[in-house]
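Structure file target-v5.txt (compact mmCIF, C-alpha atoms and all ligand atoms) is printed below.
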# COMPACT_ATOMS: atom_id res chain seq x y z
CA ALA D 1 0.00 0.00 0.00
CA ARG D 2 1.03 3.59 -0.52
CA ILE D 3 2.12 5.63 2.47
CA THR D 4 3.37 9.20 2.94
CA LEU D 5 6.93 9.98 3.98
CA ARG D 6 5.62 11.52 7.21
CA GLN D 7 3.70 8.38 8.22
CA LEU D 8 6.64 6.16 7.37
CA LEU D 9 9.37 8.19 9.06
CA ASP D 10 7.26 8.79 12.17
CA HIS D 11 7.10 5.01 12.53
CA ALA D 12 10.84 4.71 11.88
CA ALA D 13 11.61 7.34 14.53
CA GLU D 14 9.37 5.66 17.06
CA HIS D 15 11.24 2.38 16.55
CA GLY D 16 14.76 3.76 15.93
CA TYR D 17 15.34 2.60 12.36
CA ALA D 18 15.86 4.28 8.96
CA VAL D 19 14.33 3.63 5.55
CA PRO D 20 16.47 3.47 2.41
CA ALA D 21 15.27 5.63 -0.48
CA PHE D 22 16.25 3.69 -3.57
CA ASN D 23 16.16 5.45 -6.92
CA ILE D 24 14.08 3.82 -9.63
CA SER D 25 13.93 4.45 -13.35
CA ASN D 26 12.87 1.13 -14.89
CA MET D 27 10.96 -2.07 -14.20
CA GLU D 28 13.98 -4.20 -13.31
CA MET D 29 15.10 -1.76 -10.60
CA GLY D 30 11.54 -1.72 -9.28
CA LEU D 31 11.36 -5.53 -9.16
CA ALA D 32 14.75 -5.79 -7.45
CA ILE D 33 13.82 -3.26 -4.74
CA MET D 34 10.33 -4.63 -4.12
CA THR D 35 11.42 -8.28 -4.04
CA ALA D 36 14.08 -7.38 -1.46
CA ALA D 37 11.49 -5.45 0.57
CA ARG D 38 9.11 -8.40 0.51
CA GLU D 39 11.85 -10.82 1.61
CA ALA D 40 12.95 -8.49 4.41
CA ASN D 41 9.39 -7.56 5.49
CA ALA D 42 10.50 -3.94 5.07
CA PRO D 43 8.75 -0.72 4.02
CA VAL D 44 10.52 1.26 1.31
CA ILE D 45 10.88 4.64 -0.33
CA LEU D 46 10.98 4.57 -4.14
CA ALA D 47 12.63 7.76 -5.37
CA ALA D 48 12.33 9.14 -8.88
CA SER D 49 14.53 12.01 -10.00
CA ARG D 50 13.68 14.47 -12.75
CA GLY D 51 16.04 12.43 -14.91
CA ALA D 52 14.09 9.24 -14.15
CA ARG D 53 10.81 10.98 -14.95
CA SER D 54 12.05 12.08 -18.34
CA TYR D 55 13.68 8.69 -19.03
CA ALA D 56 10.55 6.63 -18.38
CA GLY D 57 7.95 9.37 -18.88
CA ASP D 58 5.48 10.32 -16.16
CA ARG D 59 2.65 8.12 -17.49
CA LEU D 60 4.73 4.96 -17.65
CA LEU D 61 6.43 5.71 -14.35
CA ALA D 62 3.09 6.25 -12.58
CA ARG D 63 1.71 2.98 -13.93
CA LEU D 64 4.92 1.13 -13.08
CA ILE D 65 4.51 2.30 -9.49
CA ASP D 66 0.82 1.27 -9.51
CA GLY D 67 1.87 -2.15 -10.79
CA LEU D 68 4.56 -2.58 -8.15
CA VAL D 69 2.24 -1.48 -5.33
CA GLU D 70 -0.43 -3.97 -6.52
CA THR D 71 2.06 -6.80 -7.04
CA PHE D 72 3.62 -6.36 -3.59
CA PRO D 73 0.57 -5.43 -1.47
CA GLU D 74 2.32 -6.28 1.79
CA VAL D 75 5.05 -3.66 1.25
CA PRO D 76 4.32 -0.10 2.42
CA VAL D 77 5.63 2.18 -0.35
CA CYS D 78 6.39 5.89 -0.22
CA MET D 79 6.63 7.25 -3.75
CA HIS D 80 9.02 10.19 -3.54
CA LEU D 81 10.25 12.89 -5.93
CA ASP D 82 14.03 13.14 -5.58
CA HIS D 83 15.59 16.63 -5.94
CA GLY D 84 12.61 18.60 -7.21
CA ASN D 85 13.90 22.02 -8.25
CA ASP D 86 10.76 24.17 -8.49
CA LEU D 87 7.07 24.21 -7.61
CA PRO D 88 5.66 22.90 -10.94
CA THR D 89 7.97 19.85 -10.82
CA CYS D 90 6.65 19.02 -7.36
CA ALA D 91 3.02 19.69 -8.34
CA THR D 92 3.15 17.42 -11.41
CA ALA D 93 4.74 14.64 -9.34
CA ILE D 94 1.78 14.86 -6.95
CA GLN D 95 -0.61 14.69 -9.91
CA HIS D 96 1.08 11.41 -10.87
CA GLY D 97 0.54 9.78 -7.48
CA PHE D 98 3.69 10.66 -5.56
CA THR D 99 3.10 10.71 -1.80
CA SER D 100 6.21 12.75 -1.04
CA VAL D 101 8.28 15.42 -2.78
CA MET D 102 11.72 16.81 -2.21
CA MET D 103 12.06 20.52 -2.84
CA ASP D 104 15.83 20.96 -3.11
CA GLY D 105 16.32 24.70 -2.78
CA SER D 106 19.94 24.37 -1.67
CA LEU D 107 20.76 25.16 -5.28
CA GLN D 108 18.92 27.54 -7.57
CA ALA D 109 16.61 26.03 -10.20
CA ASP D 110 19.56 25.68 -12.63
CA GLY D 111 20.85 22.94 -10.34
CA THR D 112 24.38 24.35 -10.18
CA THR D 113 24.30 27.71 -8.36
CA PRO D 114 24.22 27.67 -4.53
CA ALA D 115 21.11 29.48 -3.25
CA ASP D 116 20.90 31.90 -0.34
CA TYR D 117 18.75 31.23 2.73
CA ALA D 118 15.86 33.46 1.63
CA TYR D 119 15.51 31.76 -1.77
CA ASN D 120 15.63 28.28 -0.26
CA MET D 121 13.25 29.10 2.59
CA ASN D 122 10.66 30.84 0.38
CA ILE D 123 10.43 28.21 -2.34
CA THR D 124 10.44 25.35 0.18
CA ARG D 125 7.70 27.01 2.21
CA ARG D 126 5.53 27.49 -0.90
CA VAL D 127 5.99 23.84 -1.90
CA THR D 128 5.19 22.70 1.63
CA GLU D 129 1.94 24.70 1.72
CA MET D 130 0.91 23.25 -1.65
CA ALA D 131 1.94 19.66 -0.89
CA HIS D 132 0.44 19.55 2.60
CA ALA D 133 -2.87 20.79 1.14
CA CYS D 134 -2.74 17.63 -1.03
CA GLY D 135 -1.84 15.30 1.85
CA VAL D 136 1.70 14.88 0.54
CA SER D 137 4.94 15.11 2.57
CA VAL D 138 7.93 17.35 1.87
CA GLU D 139 11.70 16.99 2.25
CA GLY D 140 13.83 20.12 2.16
CA GLU D 141 17.60 20.48 1.93
CA LEU D 142 19.88 22.93 3.67
CA GLY D 143 23.58 23.00 2.80
CA VAL D 144 25.20 22.03 -0.50
CA LEU D 145 26.34 18.49 -1.23
CA GLY D 146 29.98 18.21 -2.19
CA SER D 147 33.43 16.99 -1.23
CA LEU D 148 35.24 18.39 1.81
CA GLU D 149 38.45 17.02 0.23
CA THR D 150 38.24 19.12 -2.94
CA GLY D 151 35.44 21.63 -2.33
CA MET D 152 33.79 20.42 -5.51
CA GLY D 153 30.11 19.57 -6.08
CA ASP D 154 28.74 16.56 -7.94
CA GLN D 155 30.23 17.32 -11.32
CA GLU D 156 31.05 13.68 -11.95
CA ASP D 157 27.43 12.83 -12.74
CA GLY D 158 26.51 16.15 -14.26
CA HIS D 159 24.53 17.81 -11.50
CA GLY D 160 25.51 19.77 -8.43
CA ALA D 161 27.44 22.96 -7.77
CA THR D 162 30.04 23.94 -10.36
CA GLU D 163 31.83 26.59 -8.31
CA LYS D 164 34.35 25.79 -5.58
CA LEU D 165 32.51 25.60 -2.26
CA SER D 166 33.62 26.63 1.22
CA ASP D 167 33.34 24.36 4.24
CA ALA D 168 30.58 26.69 5.49
CA GLN D 169 28.53 25.88 2.37
CA LEU D 170 29.35 22.16 2.52
CA LEU D 171 28.34 21.72 6.16
CA THR D 172 24.78 22.46 7.26
CA ASP D 173 24.74 25.05 10.04
CA PRO D 174 22.79 23.58 12.98
CA ALA D 175 21.29 26.91 14.12
CA GLU D 176 20.17 27.68 10.57
CA ALA D 177 18.67 24.18 10.29
CA GLU D 178 16.55 24.85 13.35
CA GLN D 179 15.32 28.13 11.83
CA PHE D 180 14.70 26.50 8.41
CA VAL D 181 12.46 23.78 9.81
CA LYS D 182 10.49 26.37 11.78
CA ASP D 183 10.17 28.68 8.73
CA THR D 184 9.18 26.01 6.18
CA GLY D 185 7.29 23.26 8.03
CA VAL D 186 9.09 20.47 6.14
CA ASP D 187 8.55 16.87 7.26
CA ALA D 188 12.17 15.85 6.70
CA LEU D 189 15.44 17.69 6.27
CA ALA D 190 18.39 16.69 4.10
CA VAL D 191 21.67 17.92 5.51
CA ALA D 192 25.17 18.33 4.12
CA MET D 193 28.20 16.84 5.91
CA GLY D 194 30.65 15.82 3.21
CA THR D 195 28.80 13.30 1.05
CA SER D 196 28.22 13.81 -2.64
CA HIS D 197 26.34 11.96 -5.36
CA GLY D 198 27.93 9.35 -7.60
CA ALA D 199 30.74 6.81 -7.29
CA TYR D 200 33.64 9.21 -6.53
CA LYS D 201 32.90 10.56 -3.06
CA PHE D 202 36.20 10.07 -1.24
CA THR D 203 39.78 9.29 -2.33
CA ARG D 204 40.35 7.28 0.87
CA LYS D 205 38.29 5.54 3.52
CA PRO D 206 36.53 8.54 5.09
CA ASP D 207 37.32 9.74 8.61
CA GLY D 208 35.81 12.65 10.54
CA ASP D 209 37.82 15.21 8.53
CA ILE D 210 35.99 14.43 5.28
CA LEU D 211 32.74 12.87 6.54
CA ALA D 212 31.45 15.11 9.33
CA MET D 213 28.94 12.91 11.15
CA THR D 214 29.26 15.23 14.17
CA VAL D 215 27.26 17.81 12.18
CA ILE D 216 24.32 15.39 12.13
CA GLU D 217 24.69 14.78 15.84
CA GLU D 218 24.64 18.52 16.56
CA ILE D 219 21.59 19.08 14.32
CA ASN D 220 19.80 16.22 16.05
CA ARG D 221 20.45 17.84 19.44
CA ARG D 222 18.69 21.00 18.24
CA LEU D 223 15.97 19.24 16.23
CA PRO D 224 15.26 15.97 18.05
CA ASN D 225 11.82 15.67 16.40
CA THR D 226 12.87 16.33 12.79
CA HIS D 227 13.51 13.40 10.46
CA LEU D 228 17.01 13.81 9.00
CA VAL D 229 18.00 12.64 5.51
CA MET D 230 21.41 11.59 4.23
CA HIS D 231 21.96 12.01 0.49
CA GLY D 232 24.90 10.56 -1.40
CA SER D 233 24.86 7.54 0.88
CA SER D 234 26.02 4.79 -1.42
CA SER D 235 28.86 2.76 0.07
CA VAL D 236 30.40 1.99 -3.36
CA PRO D 237 31.26 -1.60 -2.33
CA GLU D 238 34.68 -2.85 -3.30
CA ASP D 239 33.34 -6.21 -4.47
CA LEU D 240 31.08 -4.49 -7.01
CA GLN D 241 33.99 -2.30 -8.20
CA GLN D 242 35.98 -5.49 -8.68
CA ILE D 243 33.29 -7.35 -10.62
CA ILE D 244 32.75 -4.38 -12.93
CA ASN D 245 36.50 -3.93 -13.50
CA SER D 246 37.22 -7.59 -14.04
CA TYR D 247 34.60 -7.79 -16.80
CA GLY D 248 35.77 -4.87 -18.91
CA GLY D 249 34.61 -1.91 -16.80
CA ASP D 250 36.70 1.01 -15.63
CA ILE D 251 35.88 2.28 -12.14
CA ARG D 252 38.81 4.24 -10.67
CA PRO D 253 39.79 3.50 -7.03
CA THR D 254 37.21 5.18 -4.81
CA TRP D 255 35.39 5.11 -1.47
CA GLY D 256 31.78 5.70 -0.51
CA VAL D 257 30.00 6.11 2.82
CA PRO D 258 30.70 3.12 5.09
CA VAL D 259 27.54 1.41 6.33
CA GLU D 260 28.72 1.82 9.95
CA GLU D 261 28.79 5.62 9.49
CA ILE D 262 25.18 5.49 8.28
CA GLN D 263 24.31 3.40 11.34
CA ARG D 264 25.92 6.10 13.46
CA GLY D 265 23.63 8.63 11.74
CA ILE D 266 20.59 6.45 12.42
CA ARG D 267 21.41 6.66 16.14
CA SER D 268 21.19 10.46 15.71
CA GLY D 269 17.90 10.97 13.92
CA VAL D 270 18.69 9.94 10.33
CA ARG D 271 15.50 8.29 9.06
CA LYS D 272 15.91 8.36 5.24
CA VAL D 273 19.06 7.20 3.46
CA ASN D 274 19.37 7.89 -0.27
CA ILE D 275 21.01 5.22 -2.41
CA ASP D 276 21.26 5.13 -6.19
CA THR D 277 24.90 4.56 -7.19
CA ASP D 278 25.23 1.21 -5.36
CA ASN D 279 22.21 -0.15 -7.22
CA ARG D 280 23.47 1.17 -10.56
CA MET D 281 26.76 -0.60 -9.89
CA ALA D 282 25.05 -3.85 -8.84
CA MET D 283 22.95 -3.85 -12.01
CA THR D 284 26.01 -3.11 -14.15
CA ALA D 285 28.14 -5.74 -12.41
CA GLY D 286 25.57 -8.46 -13.06
CA VAL D 287 24.99 -7.50 -16.67
CA ARG D 288 28.73 -7.20 -17.44
CA ARG D 289 29.51 -10.54 -15.88
CA VAL D 290 26.79 -12.53 -17.61
CA LEU D 291 27.52 -10.98 -21.02
CA SER D 292 31.27 -11.60 -20.67
CA GLU D 293 30.77 -15.18 -19.60
CA ASN D 294 28.12 -15.83 -22.26
CA PRO D 295 29.12 -13.82 -25.35
CA GLY D 296 26.42 -15.57 -27.39
CA GLU D 297 23.62 -14.40 -25.12
CA PHE D 298 21.31 -11.74 -26.51
CA ASP D 299 18.06 -12.18 -24.60
CA PRO D 300 17.71 -9.05 -22.42
CA ARG D 301 15.73 -11.06 -19.85
CA LYS D 302 18.73 -13.32 -19.28
CA TYR D 303 21.22 -10.58 -18.58
CA LEU D 304 18.89 -8.14 -16.83
CA LYS D 305 17.92 -10.94 -14.46
CA GLU D 306 21.55 -11.18 -13.32
CA GLY D 307 21.72 -7.44 -12.67
CA LEU D 308 18.39 -7.61 -10.88
CA SER D 309 19.67 -10.40 -8.66
CA LEU D 310 22.80 -8.50 -7.52
CA MET D 311 20.72 -5.36 -6.97
CA LYS D 312 18.20 -7.29 -4.89
CA ASP D 313 21.01 -8.57 -2.64
CA LEU D 314 22.31 -5.02 -2.17
CA CYS D 315 18.85 -3.71 -1.21
CA ARG D 316 18.30 -6.64 1.12
CA ALA D 317 21.60 -5.94 2.93
CA ARG D 318 20.65 -2.26 3.43
CA PHE D 319 17.20 -3.16 4.84
CA GLU D 320 18.96 -5.38 7.38
CA ALA D 321 21.73 -2.87 8.22
CA PHE D 322 19.37 0.09 8.68
CA GLY D 323 16.92 -1.85 10.87
CA THR D 324 14.11 -1.50 8.29
CA ALA D 325 13.66 -5.27 8.06
CA GLY D 326 10.77 -6.72 10.02
CA HIS D 327 8.65 -3.56 10.17
CA ALA D 328 6.43 -3.74 7.07
CA ASN D 329 3.61 -5.66 8.71
CA LYS D 330 3.63 -3.42 11.79
CA ILE D 331 2.92 -0.11 10.08
O1 LIG Z 1 20.34 12.83 -7.33
C1 LIG Z 1 20.92 11.81 -7.61
C2 LIG Z 1 20.28 10.56 -7.99
O2 LIG Z 1 21.30 9.59 -8.04
C3 LIG Z 1 19.53 10.66 -9.30
O3 LIG Z 1 20.40 10.79 -10.37
O4 LIG Z 1 19.53 12.70 -11.74
O5 LIG Z 1 21.01 10.93 -12.74
O6 LIG Z 1 18.64 10.41 -12.13
P1 LIG Z 1 19.86 11.24 -11.83
P1 LIG Z 2 24.37 8.04 -4.27
O1 LIG Z 2 24.89 8.61 -5.55
O2 LIG Z 2 25.41 8.00 -3.21
O3 LIG Z 2 23.71 6.72 -4.45
O4 LIG Z 2 23.26 9.07 -3.72
C1 LIG Z 2 21.93 9.03 -4.19
C2 LIG Z 2 21.12 10.22 -3.77
O5 LIG Z 2 21.46 10.98 -2.89
C3 LIG Z 2 19.87 10.43 -4.51
O6 LIG Z 2 19.22 11.61 -4.11
NA NA Z 3 15.26 12.86 -1.94
ZN ZN Z 4 20.45 13.19 -3.53

Could you rewrite the structure in this file as structure tokens?
Amino acid sequence: ARITLRQLLDHAAEHGYAVPAFNISNMEMGLAIMTAAREANAPVILAASRGARSYAGDRLLARLIDGLVETFPEVPVCMHLDHGNDLPTCATAIQHGFTSVMMDGSLQADGTTPADYAYNMNITRRVTEMAHACGVSVEGELGVLGSLETGMGDQEDGHGATEKLSDAQLLTDPAEAEQFVKDTGVDALAVAMGTSHGAYKFTRKPDGDILAMTVIEEINRRLPNTHLVMHGSSSVPEDLQQIINSYGGDIRPTWGVPVEEIQRGIRSGVRKVNIDTDNRMAMTAGVRRVLSENPGEFDPRKYLKEGLSLMKDLCRARFEAFGTAGHANKI
């Protein structure tokens, strides 16, 4: 059944777990996520970006979600817009059955220019008024995602800030976060503490200098009743890097966010954990391997099934690690 982000994260907070938000853009990713959720007895957040909406098209995407919700009736599903950048994008997502929208006003609508507080607060407040009138939840974002090692945004995958950012921009200010939640009425708040989107987050296993989990702990002290969101939370597993590289791929040495750091966040109010890259890598690893080992294979079902299987295992592991497993039938 469909559920709002607010309903889902209130339950997660009450029971001390977090829910992964897995990005979806096609049927195989949907089947992998939902099968893992069913096996783990876990609720889930399906996130669609603007890129996913234009890839699949809103009509197909909406009916894919309907199909998944009907096929897996025991799984509570929050259908969430990832990184909405203006009010019309959020409104049209709601028209297509989304139960939650992210208004990311940390950047201006161009997706590359850092926004000031007034811009972010005003647009997020307008989206929240509109969405709440429709019974839909809202996630806001304060602070710009990017690397504390280089000061760069997410240029690797083509979105994010393009100018060099200061530590003050890259780390959410706890006092400002408190004001932002009061000013906007958001249901959940994405914060910045050194993660970025894509596979190339850190050049070494992150420590507190480049992954500032203490920022989350400080924000949670000021906002104990606000659901916190971690973006850029793929772990970029070494085994998936190795499979991809040993079957013709080229992933440069890299580190993601260790699962134990996410678990530390969950102890400090993190209730939604965004993961896309890990699933992209799992899908790619499976497809590369099966095509390399079976060069005569050309049935898409055969190779997509392998990608789906590795992605399902990844999702399953995150449901277990975040404490989401076992809660679906109690919501
Ligand atoms: O925001 C990041 C998500 O991984 C979505 O990426 O915009 O390429 O669909 P995308
Ligand atoms: P990753 O690129 O780390 O998977 O982050 C995904 C994300 O934050 C989507 O909003
Ligand atoms: Na999001
Ligand atoms: Zn994100």

Between CA of Asn85 (chain D) and atom O4 of ligand LIG 2 (chain Z), what is the distance in Å, rounded to a tenth?
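We find that CA of Asn85 (chain D) and atom O4 of ligand LIG 2 (chain Z) lie 16.6 Å from each other.
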
Show me which residues line ligand ZN 4 (chain Z), defined as having an atom within 10 Å of a ligand atom where all atoms listed in the file count, and present them as a list in words.
Ala21, Asn23, Ala47, Ser49, Asp82, His83, Met102, Asp104, Glu141, Leu145, Asp154, Gly160, Ala190, Thr195, Ser196, His197, Gly198, Val229, Met230, His231, Gly232, Ser233, Val273, Asn274, Ile275 and Asp276 of chain D

I want to know what sits within 9 Å of Ile216 (chain D), based on only C-alpha atoms, with residues of the same chain fewer than 3 positions away left out; could you give that as a PyMOL selection string?
chain D and resi 172+174+191-193+212-213+219-221+228+265+268-270

Calculate how many Å separate CA of Ala115 (chain D) from atom O1 of ligand LIG 2 (chain Z), rounding to one decimal.
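Computing the Euclidean distance for CA of Ala115 (chain D) and atom O1 of ligand LIG 2 (chain Z) yields 21.3 Å.
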
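Using only C-alpha atoms, the shortest contact distance between Gly208 (chain D) and any of D:Gly194, D:Gly67, D:Gly307, D:Gly296 is found at D:Gly194.
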
Once you add 3 Å to each side, what are the centre and edge lengths of the axis-aligned box holding all listed atoms of ligand LIG 2 (chain Z)? One decimal in Å, as AutoDock Vina command-line options, if you can.
--center_x 22.3 --center_y 9.2 --center_z -4.2 --size_x 12.2 --size_y 10.9 --size_z 8.7

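If you look at CA of Leu223 (chain D) and CA of Leu5 (chain D), they are 17.8 Å away from each other.
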
Nearest to ligand NA 3 (chain Z), chosen from D:Ala118, D:Ile331, D:Cys315, D:Met103, with only C-alpha atoms and all ligand atoms counted in the distances:
D:Met103

I need region 200-260 of chain D written out with C-alpha atoms, as an mmCIF file, in the first residue's frame; please produce it.
data_model
loop_
_atom_site.group_PDB
_atom_site.id
_atom_site.type_symbol
_atom_site.label_atom_id
_atom_site.label_comp_id
_atom_site.auth_asym_id
_atom_site.auth_seq_id
_atom_site.Cartn_x
_atom_site.Cartn_y
_atom_site.Cartn_z
ATOM 1 C CA TYR D 200 33.635 9.208 -6.530
ATOM 2 C CA LYS D 201 32.903 10.558 -3.063
ATOM 3 C CA PHE D 202 36.204 10.067 -1.241
ATOM 4 C CA THR D 203 39.782 9.291 -2.330
ATOM 5 C CA ARG D 204 40.345 7.280 0.867
ATOM 6 C CA LYS D 205 38.291 5.542 3.522
ATOM 7 C CA PRO D 206 36.530 8.537 5.088
ATOM 8 C CA ASP D 207 37.321 9.735 8.608
ATOM 9 C CA GLY D 208 35.808 12.653 10.545
ATOM 10 C CA ASP D 209 37.819 15.211 8.531
ATOM 11 C CA ILE D 210 35.995 14.430 5.283
ATOM 12 C CA LEU D 211 32.744 12.873 6.545
ATOM 13 C CA ALA D 212 31.448 15.112 9.325
ATOM 14 C CA MET D 213 28.943 12.905 11.151
ATOM 15 C CA THR D 214 29.262 15.230 14.166
ATOM 16 C CA VAL D 215 27.259 17.809 12.179
ATOM 17 C CA ILE D 216 24.322 15.395 12.135
ATOM 18 C CA GLU D 217 24.691 14.777 15.838
ATOM 19 C CA GLU D 218 24.639 18.524 16.556
ATOM 20 C CA ILE D 219 21.593 19.084 14.316
ATOM 21 C CA ASN D 220 19.804 16.225 16.051
ATOM 22 C CA ARG D 221 20.452 17.839 19.435
ATOM 23 C CA ARG D 222 18.685 21.005 18.237
ATOM 24 C CA LEU D 223 15.969 19.240 16.228
ATOM 25 C CA PRO D 224 15.260 15.967 18.050
ATOM 26 C CA ASN D 225 11.823 15.665 16.400
ATOM 27 C CA THR D 226 12.873 16.329 12.786
ATOM 28 C CA HIS D 227 13.507 13.401 10.460
ATOM 29 C CA LEU D 228 17.013 13.811 9.001
ATOM 30 C CA VAL D 229 18.000 12.641 5.514
ATOM 31 C CA MET D 230 21.406 11.587 4.229
ATOM 32 C CA HIS D 231 21.958 12.007 0.486
ATOM 33 C CA GLY D 232 24.899 10.559 -1.399
ATOM 34 C CA SER D 233 24.857 7.541 0.878
ATOM 35 C CA SER D 234 26.024 4.786 -1.416
ATOM 36 C CA SER D 235 28.858 2.755 0.067
ATOM 37 C CA VAL D 236 30.398 1.993 -3.361
ATOM 38 C CA PRO D 237 31.255 -1.600 -2.330
ATOM 39 C CA GLU D 238 34.681 -2.846 -3.297
ATOM 40 C CA ASP D 239 33.339 -6.209 -4.466
ATOM 41 C CA LEU D 240 31.079 -4.485 -7.011
ATOM 42 C CA GLN D 241 33.985 -2.300 -8.195
ATOM 43 C CA GLN D 242 35.983 -5.494 -8.678
ATOM 44 C CA ILE D 243 33.293 -7.351 -10.623
ATOM 45 C CA ILE D 244 32.752 -4.381 -12.928
ATOM 46 C CA ASN D 245 36.498 -3.927 -13.502
ATOM 47 C CA SER D 246 37.224 -7.594 -14.044
ATOM 48 C CA TYR D 247 34.596 -7.793 -16.799
ATOM 49 C CA GLY D 248 35.766 -4.871 -18.907
ATOM 50 C CA GLY D 249 34.608 -1.911 -16.804
ATOM 51 C CA ASP D 250 36.700 1.011 -15.626
ATOM 52 C CA ILE D 251 35.879 2.276 -12.140
ATOM 53 C CA ARG D 252 38.806 4.241 -10.666
ATOM 54 C CA PRO D 253 39.793 3.495 -7.034
ATOM 55 C CA THR D 254 37.207 5.177 -4.806
ATOM 56 C CA TRP D 255 35.386 5.110 -1.467
ATOM 57 C CA GLY D 256 31.777 5.700 -0.511
ATOM 58 C CA VAL D 257 30.002 6.110 2.824
ATOM 59 C CA PRO D 258 30.704 3.122 5.090
ATOM 60 C CA VAL D 259 27.543 1.415 6.335
ATOM 61 C CA GLU D 260 28.722 1.822 9.948
#
